[in-house]
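File shown: coords.txt. Contents: compact mmCIF, C-alpha atoms and all ligand atoms.
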```txt
# COMPACT_ATOMS: atom_id res chain seq x y z
CA ASN A 1 -16.01 10.15 -27.80
CA TYR A 2 -17.02 6.49 -27.40
CA GLY A 3 -17.10 6.88 -23.64
CA LYS A 4 -20.37 8.73 -23.93
CA PHE A 5 -22.29 5.71 -25.17
CA ALA A 6 -20.11 2.75 -24.17
CA PHE A 7 -20.12 3.77 -20.48
CA GLY A 8 -22.46 5.60 -18.19
CA ARG A 9 -21.64 9.06 -16.86
CA ASN A 10 -20.18 7.58 -13.71
CA GLN A 11 -17.77 5.25 -15.48
CA THR A 12 -16.67 8.01 -17.84
CA LEU A 13 -15.76 10.23 -14.88
CA THR A 14 -13.99 7.33 -13.14
CA SER A 15 -11.84 6.42 -16.12
CA MET A 16 -10.96 10.05 -16.93
CA CYS A 17 -10.01 10.77 -13.34
CA ASP A 18 -8.03 7.55 -12.87
CA GLU A 19 -6.13 8.21 -16.11
CA ARG A 20 -5.16 11.72 -15.01
CA ALA A 21 -4.19 10.60 -11.52
CA ARG A 22 -2.07 7.82 -13.00
CA MET A 23 -0.33 10.21 -15.39
CA LEU A 24 0.48 12.66 -12.61
CA GLN A 25 1.71 9.86 -10.35
CA ASP A 26 3.88 8.34 -13.10
CA GLN A 27 5.44 11.68 -14.00
CA PHE A 28 6.12 12.36 -10.34
CA ASN A 29 7.70 8.92 -9.97
CA VAL A 30 9.92 9.42 -13.03
CA SER A 31 11.20 12.75 -11.75
CA MET A 32 11.72 11.34 -8.25
CA ASN A 33 13.99 8.64 -9.72
CA HIS A 34 16.02 11.27 -11.54
CA VAL A 35 16.37 13.38 -8.40
CA HIS A 36 17.62 10.21 -6.66
CA ALA A 37 20.17 9.74 -9.47
CA LEU A 38 21.32 13.36 -9.00
CA ALA A 39 21.99 12.63 -5.32
CA ILE A 40 24.25 9.75 -6.45
CA LEU A 41 25.92 12.03 -9.01
CA VAL A 42 26.79 14.53 -6.25
CA SER A 43 28.03 11.71 -4.03
CA THR A 44 30.27 10.33 -6.82
CA PHE A 45 31.64 13.49 -8.41
CA HIS A 46 31.52 16.08 -5.61
CA HIS A 47 32.26 14.09 -2.45
CA GLY A 48 33.97 11.12 -4.14
CA LYS A 49 36.61 13.10 -6.06
CA HIS A 50 39.42 15.23 -4.65
CA PRO A 51 39.27 17.91 -5.80
CA SER A 52 35.53 17.84 -6.55
CA ALA A 53 34.60 17.49 -10.22
CA ILE A 54 31.43 19.61 -9.72
CA ASP A 55 31.26 23.36 -9.23
CA GLN A 56 28.22 25.66 -9.53
CA LYS A 57 28.77 26.15 -13.28
CA THR A 58 28.92 22.38 -13.96
CA PHE A 59 25.95 21.64 -11.71
CA GLY A 60 23.92 24.49 -13.22
CA GLU A 61 24.55 23.35 -16.80
CA TYR A 62 24.05 19.65 -16.10
CA THR A 63 20.78 20.13 -14.20
CA GLU A 64 19.42 22.56 -16.82
CA ARG A 65 20.28 20.21 -19.71
CA THR A 66 18.71 17.21 -17.94
CA SER A 67 15.61 19.04 -16.69
CA PHE A 68 13.52 17.18 -19.30
CA GLU A 69 14.07 14.09 -17.16
CA ARG A 70 12.39 15.69 -14.17
CA PRO A 71 8.88 16.61 -15.26
CA LEU A 72 6.91 18.70 -12.73
CA THR A 73 10.02 20.03 -10.94
CA SER A 74 10.75 23.74 -10.89
CA GLY A 75 14.37 23.27 -9.85
CA VAL A 76 16.94 21.16 -7.99
CA ALA A 77 19.57 22.21 -5.48
CA TYR A 78 22.21 20.73 -3.18
CA ALA A 79 22.70 21.78 0.45
CA LEU A 80 25.74 20.80 2.50
CA LYS A 81 25.62 19.48 6.08
CA VAL A 82 27.69 22.00 8.10
CA LEU A 83 28.15 21.57 11.88
CA HIS A 84 28.46 24.73 13.98
CA SER A 85 32.11 23.87 14.70
CA GLU A 86 32.76 23.89 10.93
CA ARG A 87 30.83 27.09 10.14
CA GLU A 88 33.65 29.62 10.34
CA GLN A 89 35.97 27.53 8.20
CA PHE A 90 33.17 26.83 5.69
CA GLU A 91 32.20 30.51 5.34
CA LYS A 92 35.81 31.60 4.95
CA GLN A 93 36.45 29.02 2.27
CA ILE A 94 33.28 29.64 0.26
CA GLY A 95 33.36 33.43 0.60
CA TRP A 96 29.81 34.09 1.88
CA THR A 97 27.92 33.71 5.16
CA ILE A 98 25.14 31.18 5.74
CA LYS A 99 21.78 33.01 5.47
CA LYS A 100 18.56 32.56 7.39
CA MET A 101 15.40 31.71 5.47
CA GLU A 102 12.84 34.49 6.00
CA THR A 103 9.43 32.97 6.56
CA GLU A 104 7.69 35.39 8.94
CA ASP A 105 6.64 37.89 6.28
CA GLN A 106 6.04 36.24 2.93
CA THR A 107 5.53 39.58 1.16
CA LEU A 108 9.09 40.57 2.06
CA VAL A 109 10.47 37.20 0.99
CA GLN A 110 9.65 37.96 -2.63
CA ASP A 111 12.39 40.63 -2.60
CA CYS A 112 14.83 38.69 -0.46
CA THR A 113 17.83 37.96 -2.59
CA PRO A 114 20.69 36.26 -0.72
CA GLU A 115 22.47 39.67 -0.53
CA ASN A 116 19.86 41.22 1.74
CA LEU A 117 19.07 38.22 3.93
CA ASP A 118 20.27 38.03 7.54
CA PRO A 119 23.06 35.65 8.57
CA ALA A 120 21.77 32.40 10.11
CA PRO A 121 21.71 32.62 13.93
CA VAL A 122 23.85 30.13 15.88
CA GLN A 123 22.54 26.54 15.58
CA ASP A 124 24.01 23.06 16.18
CA GLU A 125 24.16 22.57 12.42
CA TYR A 126 23.15 24.15 9.12
CA ALA A 127 22.23 23.09 5.58
CA PRO A 128 23.38 25.92 3.28
CA VAL A 129 22.61 25.49 -0.43
CA ILE A 130 25.91 25.41 -2.36
CA LEU A 131 24.80 24.19 -5.81
CA SER A 132 21.59 24.98 -7.69
CA GLN A 133 19.79 24.78 -11.00
CA GLU A 134 19.54 28.33 -12.42
CA THR A 135 15.75 28.34 -11.85
CA VAL A 136 16.23 28.23 -8.04
CA SER A 137 19.49 30.21 -7.74
CA HIS A 138 17.74 32.47 -5.16
CA ILE A 139 18.16 29.76 -2.48
CA VAL A 140 21.99 29.58 -2.76
CA SER A 141 23.60 30.34 0.65
CA ILE A 142 20.30 29.92 2.54
CA ASP A 143 20.28 27.49 5.48
CA MET A 144 17.52 25.05 4.55
CA MET A 145 17.30 23.93 8.18
CA SER A 146 15.98 27.39 9.06
CA GLY A 147 12.71 26.70 7.22
CA LYS A 148 10.22 24.49 9.08
CA GLU A 149 9.15 22.26 6.15
CA ASP A 150 12.65 22.00 4.65
CA ARG A 151 14.12 21.17 8.07
CA GLU A 152 11.60 18.39 8.75
CA ASN A 153 12.33 16.95 5.30
CA ILE A 154 16.11 17.02 5.85
CA LEU A 155 15.81 15.24 9.22
CA ARG A 156 13.45 12.59 7.84
CA ALA A 157 15.46 12.06 4.62
CA ARG A 158 18.79 11.46 6.35
CA ALA A 159 17.41 9.15 9.07
CA SER A 160 15.47 7.04 6.56
CA GLY A 161 17.65 7.00 3.43
CA LYS A 162 14.43 7.39 1.40
CA GLY A 163 13.10 10.20 -0.75
CA VAL A 164 10.76 12.27 1.42
CA LEU A 165 8.16 14.94 0.68
CA THR A 166 7.08 18.03 2.61
CA SER A 167 3.48 19.05 3.18
CA PRO A 168 2.38 21.70 0.71
CA PHE A 169 3.78 25.16 1.61
CA LYS A 170 4.50 28.44 -0.12
CA LEU A 171 7.90 28.11 -1.78
CA LEU A 172 10.35 31.04 -1.83
CA LYS A 173 9.78 33.37 -4.80
CA SER A 174 6.59 31.58 -5.75
CA ASN A 175 2.97 32.58 -5.27
CA HIS A 176 1.79 28.99 -5.27
CA LEU A 177 1.78 26.07 -2.89
CA GLY A 178 4.50 23.59 -3.66
CA VAL A 179 6.27 20.60 -2.19
CA VAL A 180 9.95 19.76 -1.76
CA LEU A 181 11.41 16.28 -2.33
CA THR A 182 14.68 15.51 -0.46
CA PHE A 183 17.27 12.74 -0.68
CA ALA A 184 20.19 12.61 1.76
CA VAL A 185 23.72 12.16 0.40
CA TYR A 186 26.02 9.91 2.49
CA ASN A 187 29.81 9.63 2.62
CA THR A 188 29.74 5.82 2.48
CA ASP A 189 27.70 3.19 0.70
CA LEU A 190 25.34 2.33 3.57
CA PRO A 191 23.72 -1.12 3.81
CA PRO A 192 19.91 -1.13 3.43
CA ASP A 193 19.57 -2.08 7.10
CA ALA A 194 21.73 0.80 8.44
CA THR A 195 20.29 2.36 11.62
CA PRO A 196 19.02 5.97 11.64
CA GLU A 197 22.03 6.90 13.84
CA GLN A 198 24.49 5.42 11.32
CA ARG A 199 22.69 7.31 8.55
CA ILE A 200 22.74 10.66 10.38
CA GLU A 201 26.45 10.19 11.11
CA ALA A 202 27.27 9.37 7.46
CA THR A 203 25.25 12.31 6.05
CA VAL A 204 27.19 14.90 4.05
CA GLY A 205 24.35 16.81 2.37
CA TYR A 206 20.86 16.98 0.91
CA LEU A 207 19.72 16.97 -2.70
CA GLY A 208 16.30 18.53 -3.08
CA ALA A 209 13.80 19.31 -5.81
CA SER A 210 10.94 21.77 -5.61
CA TYR A 211 7.58 21.20 -7.27
CA ASP A 212 5.34 24.15 -8.05
CA VAL A 213 2.22 21.98 -7.99
CA PRO A 214 -0.48 24.27 -9.48
CA SER A 215 1.47 25.34 -12.56
CA LEU A 216 2.80 21.86 -13.17
CA VAL A 217 -0.54 20.05 -12.80
CA GLU A 218 -2.03 22.72 -15.06
CA LYS A 219 0.59 21.96 -17.72
CA LEU A 220 -0.08 18.24 -17.46
CA LEU A 221 -3.88 18.57 -17.72
CA HIS A 222 -3.54 21.04 -20.57
CA GLN A 223 -1.90 18.34 -22.69
CA LEU A 224 -5.06 16.23 -22.31
CA ALA A 225 -7.62 18.62 -23.79
CA SER A 226 -10.22 17.60 -21.19
CA LYS A 227 -10.53 20.92 -19.46
CA GLN A 228 -13.98 21.58 -20.94
CA THR A 229 -15.24 18.28 -19.54
CA ILE A 230 -13.96 17.85 -15.99
CA VAL A 231 -12.80 19.92 -13.03
CA VAL A 232 -9.77 18.54 -11.18
CA ASN A 233 -8.52 19.13 -7.65
CA VAL A 234 -5.42 17.66 -6.00
CA TYR A 235 -5.36 17.37 -2.19
CA ASP A 236 -2.80 16.49 0.43
CA THR A 237 -4.97 14.28 2.68
CA THR A 238 -2.22 13.28 5.15
CA ASN A 239 -4.39 14.80 7.88
CA ALA A 240 -7.73 13.29 6.81
CA SER A 241 -9.77 15.82 8.79
CA ALA A 242 -7.95 18.81 7.25
CA PRO A 243 -7.16 18.17 3.56
CA ILE A 244 -4.98 20.80 1.86
CA ASN A 245 -6.01 21.92 -1.61
CA MET A 246 -2.86 21.83 -3.75
CA TYR A 247 -4.46 22.36 -7.16
CA GLY A 248 -7.80 23.64 -8.46
CA ASP A 249 -10.38 26.11 -7.22
CA GLU A 250 -12.22 25.45 -3.95
CA VAL A 251 -15.36 23.44 -4.71
CA THR A 252 -18.84 23.69 -3.23
CA ASP A 253 -20.40 21.46 -5.91
CA THR A 254 -22.09 18.31 -4.58
CA GLY A 255 -22.59 16.58 -7.95
CA LEU A 256 -21.00 13.37 -9.15
CA LEU A 257 -17.46 13.01 -7.69
CA ARG A 258 -14.63 10.60 -8.40
CA VAL A 259 -11.76 10.30 -5.93
CA SER A 260 -8.65 8.70 -7.47
CA SER A 261 -5.72 7.81 -5.24
CA LEU A 262 -2.28 9.31 -5.90
CA ASP A 263 0.93 7.70 -4.66
CA PHE A 264 3.88 10.12 -4.64
CA GLY A 265 6.29 7.57 -3.17
CA ASP A 266 6.48 8.85 0.43
CA PRO A 267 4.29 6.55 2.58
CA SER A 268 3.98 9.18 5.30
CA ARG A 269 2.11 11.55 2.93
CA LYS A 270 -1.31 10.92 1.40
CA HIS A 271 -2.66 12.53 -1.76
CA GLU A 272 -5.90 12.33 -3.77
CA MET A 273 -7.24 13.61 -7.06
CA HIS A 274 -10.89 14.69 -7.06
CA CYS A 275 -12.76 15.00 -10.36
CA ARG A 276 -16.18 16.41 -11.24
CA PHE A 277 -18.05 17.08 -14.46
CA LYS A 278 -18.22 20.72 -15.46
CA GLN A 279 -21.69 20.38 -16.97
CA LYS A 280 -24.72 18.99 -15.16
CA PRO A 281 -26.52 16.23 -17.12
N1 LIG B 1 13.81 24.73 -2.99
C1 LIG B 1 13.23 25.73 -3.72
N2 LIG B 1 12.40 26.63 -3.21
C2 LIG B 1 12.14 26.56 -1.89
C3 LIG B 1 12.70 25.56 -1.08
C4 LIG B 1 13.57 24.63 -1.67
N3 LIG B 1 14.13 23.66 -0.93
N4 LIG B 1 12.22 25.77 0.18
C5 LIG B 1 11.42 26.86 0.13
N5 LIG B 1 11.36 27.35 -1.11
C6 LIG B 1 18.15 21.84 -1.19
O1 LIG B 1 16.15 19.47 0.80
C7 LIG B 1 17.26 20.16 0.36
C8 LIG B 1 15.13 22.76 -1.45
C9 LIG B 1 15.82 22.06 -0.31
C10 LIG B 1 16.92 21.12 -0.75
```

Would you kindly transcribe this structure into C-alpha cells?
Amino acid sequence: NYGKFAFGRNQTLTSMCDERARMLQDQFNVSMNHVHALAILVSTFHHGKHPSAIDQKTFGEYTERTSFERPLTSGVAYALKVLHSEREQFEKQIGWTIKKMETEDQTLVQDCTPENLDPAPVQDEYAPVILSQETVSHIVSIDMMSGKEDRENILRARASGKGVLTSPFKLLKSNHLGVVLTFAVYNTDLPPDATPEQRIEATVGYLGASYDVPSLVEKLLHQLASKQTIVVNVYDTTNASAPINMYGDEVTDTGLLRVSSLDFGDPSRKHEMHCRFKQKP
C-alpha cells in the first residue's frame, strides 16, 4: 500500500474517503439516469400507445432484466395520478380498490400485504401503484400519496419536472432507512420553462425507485476491501443541526475525521460521507 509512505495519515484518509464518496455518488447518478429513462419508457409505451403496450408482466420482466443498470436500487414502480372523480371508474376497470399506506404502526406494516390493507379514505386525488418490479410488488394498489415522504416527493417531482429524493425513512417491508427517487410522467412534451401549474396539469403518473441505503452502501464498500482500514458513515445533512445517519454505526470517536461531500442530484437534499481510521496510530 504505497499510500502508507507516499502520504501522511491524513492524506490517506482523505483520498480513501473521497474515492468512496465519488463511487457512491457516481453509482447513484447512473441509476438516477436509468430511472429517468424508465419514466420516458412509461410515457412512450403506456400513455403514448392505445392500447398500452405495457402491462404488469411486461413491466416486471423489463425492469428485472434491466436492474443491472440501476445499481443501489431495491426496486422501481409506477403510480398513476387518479383524481377523486375518476376513482370509481379506475377501481372498476382495474379490479381492486386503492389502498391506504399504513404508517402508524411499523410492526404491523411488515405483514401488510395489499389484501389486508384498508381502502384509501376520500382524498382530492390518489397515486395508486399499478406497475412494479417484482422486488417491490407489495406496494401495488397502495396510494403513494397516503405516505408523508412519498407524497412530498410526488408533489415536488411533478411541479419541478426534476428527479427528487425523500429524506431517509423506513421503507415498507424493510428494516432499514431508505430513500425514494421520483420522476413525474407527463402527457405532453413540456418545454423546459413550463410553469409548475402547467406541469401539475400535464401530470399522468409517477415513476419511483427505492434505495435501501444500508445494504446497498455495504455492498459497494465490500467490493473495495477497505473495511479493515476505515469506518464509513453516510448522513443526510439537509437539516445541518440534525443530521440523519443513513449508513454505519453511531460514532463517538473523536479521532481523525474526513468529511467528503456527496451529490445525489437533488439540490434540496444534502448528504455527506464521514470516514475514520479503525486503528489508532
Ligand atoms: N417504493 C418502495 N417501498 C416504499 C415506498 C416506495 N415508493 N414507499 C415506502 N416504502 C411509485 O414516487 C412514486 C415508490 C413511490 C413511487

Would you tabulate, counting all atoms listed in the file, all residues of chain A that have an atom at most 6 Å from an atom of ligand LIG 1 (chain B), showing the closest pair of atoms and their distance in Å to one decimal, sorted by chain then ascending number, as CSV?
```
residue,atom,partner,partner_atom,distance
A:Ala77,CA,B:LIG1,C6,4.5
A:Tyr78,CA,B:LIG1,C6,4.7
A:Ala79,CA,B:LIG1,C6,4.8
A:Val129,CA,B:LIG1,C6,5.8
A:Val136,CA,B:LIG1,C1,5.8
A:Met144,CA,B:LIG1,C9,6.0
A:Asp150,CA,B:LIG1,O1,5.8
A:Ile154,CA,B:LIG1,O1,5.6
A:Leu171,CA,B:LIG1,N5,3.6
A:Leu172,CA,B:LIG1,N5,3.9
A:Val180,CA,B:LIG1,N3,5.8
A:Thr182,CA,B:LIG1,O1,4.4
A:Tyr206,CA,B:LIG1,C7,4.8
A:Leu207,CA,B:LIG1,C7,5.1
A:Gly208,CA,B:LIG1,C10,3.5
A:Ala209,CA,B:LIG1,C8,5.7
A:Ser210,CA,B:LIG1,N1,4.9
```

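Each of A:Ala225, A:Val42, A:Leu220, A:Met32 was checked against Gly163 (chain A) using all atoms listed in the file; the smallest atom-to-atom distance is that of A:Met32.
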
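Of the residues listed (A:Asp193, A:Glu134, A:Asp263, A:Glu86), A:Glu134 shows the shortest atom-to-atom separation from Glu64 (chain A); distances use all atoms listed in the file.
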
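Comparing A:Met246, A:Ala159, A:Val231, A:Leu13 by their smallest distance to Glu197 (chain A), the closest is A:Ala159 (using only C-alpha atoms).
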
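Those residues that approach Ser85 (chain A) to within 10 Å, counting all atoms listed in the file, are A:Val82, A:Leu83, A:Arg87, A:Glu88, A:Gln89, A:Phe90, A:Gln123, A:Asp124, A:Glu125; same-chain residues fewer than 2 positions away are not listed.
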
Here CA of Val30 (chain A) and CA of Ser43 (chain A) stand apart by 20.4 Å

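For the set A:Ile98, A:Leu177, A:Ala157, A:Met273, the residue with the smallest atom-to-atom gap to Ile142 (chain A) is A:Ile98, counting only C-alpha atoms.
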
Could you give me, as a ChimeraX atom specification, the residues within 9 Å of Val251 (chain A), counting only C-alpha atoms and dropping anything in the same chain fewer than 3 positions from it? /A:233,248,254

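Between CA of His36 (chain A) and CA of Gly205 (chain A) the separation is 13.1 Å.
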
Counting all atoms listed in the file, figure out which residue out of A:Ser268, A:Lys219, A:Gln133, A:Pro168 gets nearest to Asn245 (chain A). A:Pro168

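The shortest atom-to-atom distance to Lys57 (chain A), with all atoms listed in the file taken into account, belongs to A:Ser137 out of A:Leu256, A:Tyr211, A:Pro191, A:Ser137.
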
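The two atoms in question, CA of Val164 (chain A) and CA of Asp266 (chain A), are spaced 5.6 Å apart.
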
Compile the contact shell of Ser31 (chain A) as number ranges by chain: residues with an atom at most 9 Å away, counting only C-alpha atoms, same-chain residues fewer than 3 positions apart removed. A: 26-28, 34-36, 69-73

Step by step, gather every atom of region 230-240 of chain A that the file lists, find the box along x, y and z that holds them, add 4 Å on each side, and finally give centre and edge lengths in Å to one decimal, as AutoDock Vina command-line options.
```
--center_x -8.1 --center_y 16.6 --center_z -4.1 --size_x 19.7 --size_y 14.6 --size_z 31.9
```

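Omitting Lys81 (chain A) and its sequence neighbours fewer than 5 positions away, and counting only C-alpha atoms, the residues within 7 Å are A:Tyr126, A:Ala127, A:Val204, A:Gly205.
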
Could those selected residues go to a file with C-alpha atoms, as a short mmCIF file (atom, residue, chain, number, x, y, z; two decimals), in the coordinates of the input?
```
data_model
loop_
_atom_site.label_atom_id
_atom_site.label_comp_id
_atom_site.auth_asym_id
_atom_site.auth_seq_id
_atom_site.Cartn_x
_atom_site.Cartn_y
_atom_site.Cartn_z
CA TYR A 126 23.15 24.15 9.12
CA ALA A 127 22.23 23.09 5.58
CA VAL A 204 27.19 14.90 4.05
CA GLY A 205 24.35 16.81 2.37
#
```
